[in-house]
Every structure is written in C-alpha cells, then in structure tokens.
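Engineer: Sending over a structure as structure tokens; questions will come in a sec.
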Amino acid sequence: MFCIVAYDMPDNRRRTKLFKTMKGFGMHTQFSLFECELQEPAFRRMLVAIEKIVVPKEDNIKVYTLCRNCLKVVRLMGVASLTTRPDYLIF
C-alpha cells in the first residue's frame, strides 16, 4: 500500500525522533512529509512506532493511504514525482 505521512510537531526532539523513525519506512520527499510503499505488517509497525512518539494533545500527524487506482490520478506538477518502488527488482 502507498501512504503519505505528514506531520507538524512543536517539539524539536520528538520531530527529529519521528523523522529518524520514518526514514526506516519511506522516503523523505518534502519538509515534514514522507511517502511510503509498505506491506500491511510494515504499515502496522509504522503506526505503532508513530504512536510511541506522538503527544496527542500537541502533535499533528496525518497518514493518508492511497490505493493503486488513486495513484493513477495523482496530479503532479513541476518536477514532482511519486516515490514508488518499481514492480521489479534487479539483483
């Protein structure tokens, strides 16, 4: 599944911790935004990892999931591109 994680956190330490955690799940494509392509187990692990960092009354985290059909209609402008894994692997 493809997902986008956007975050706004007032605490620098928590924001840095979330950034480092998210690097293990996806690509940092814009300021406070990650694009991830994950299988369901990894997606659940990511949500648990985020929940361990977030302070609910202070932080703003949004996780958007997009299906394959939704990805086909994403509008990209300028030099933008979606960070997806190819359908094949080269060994």
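In the structure tokens, chains take the letters A, B, ... in the order shown, each chain's residues start at 1, and ligands count up from 1 in the order shown.
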I want to know what sits within 10 Å of Ala42 in chain A, based on only C-alpha atoms, with residues of the same chain fewer than 5 positions away left out; could you give that as a ChimeraX atom specification?

Structural biologist: /A:1,25,37,47-48

Engineer: Kindly save the residues from that selection, with N, CA and C atoms included, as a short mmCIF file (atom, residue, chain, number, x, y, z; two decimals), in the first residue's frame.

Structural biologist:
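Full text of part-v8.cif as output:
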data_model
loop_
_atom_site.label_atom_id
_atom_site.label_comp_id
_atom_site.auth_asym_id
_atom_site.auth_seq_id
_atom_site.Cartn_x
_atom_site.Cartn_y
_atom_site.Cartn_z
N MET A 1 0.84 -1.17 0.00
CA MET A 1 0.00 0.00 0.00
C MET A 1 0.89 1.23 0.00
N PHE A 25 10.89 3.63 7.07
CA PHE A 25 9.66 3.17 6.43
C PHE A 25 9.42 3.77 5.04
N GLU A 37 5.80 3.04 0.62
CA GLU A 37 5.13 1.92 -0.01
C GLU A 37 5.42 0.71 0.85
N LEU A 47 2.66 2.54 12.19
CA LEU A 47 1.67 3.23 13.01
C LEU A 47 1.98 3.10 14.49
N VAL A 48 2.39 1.92 14.92
CA VAL A 48 2.76 1.70 16.33
C VAL A 48 3.97 2.57 16.69
#

Engineer: From a DSSP calculation on the backbone, collect every residue of range 3-89 of chain A in strand (DSSP E) and output the set as a ChimeraX atom specification.

Structural biologist: /A:3-8,27-30,33-37,60-66

Engineer: Give me the residues within 9 Å of Tyr64 in chain A as number ranges by chain, counting only C-alpha atoms and dropping any in the same chain fewer than 6 places off.

Structural biologist: A: 2-6

Engineer: Pick the closest to Ile50 in chain A from A:Cys36, A:Thr21, A:Ala80, A:Asn12: which is it, counting only C-alpha atoms?

Structural biologist: A:Thr21

Engineer: Excluding range 16-20 of chain A and residues on its chain fewer than 3 positions from it, collect all residues at most 10 Å away from it, counting only C-alpha atoms, and give them as a VMD selection string.

Structural biologist: chain A and resid 7 9 11 to 13 23 to 25 28 32 to 34 49 to 54
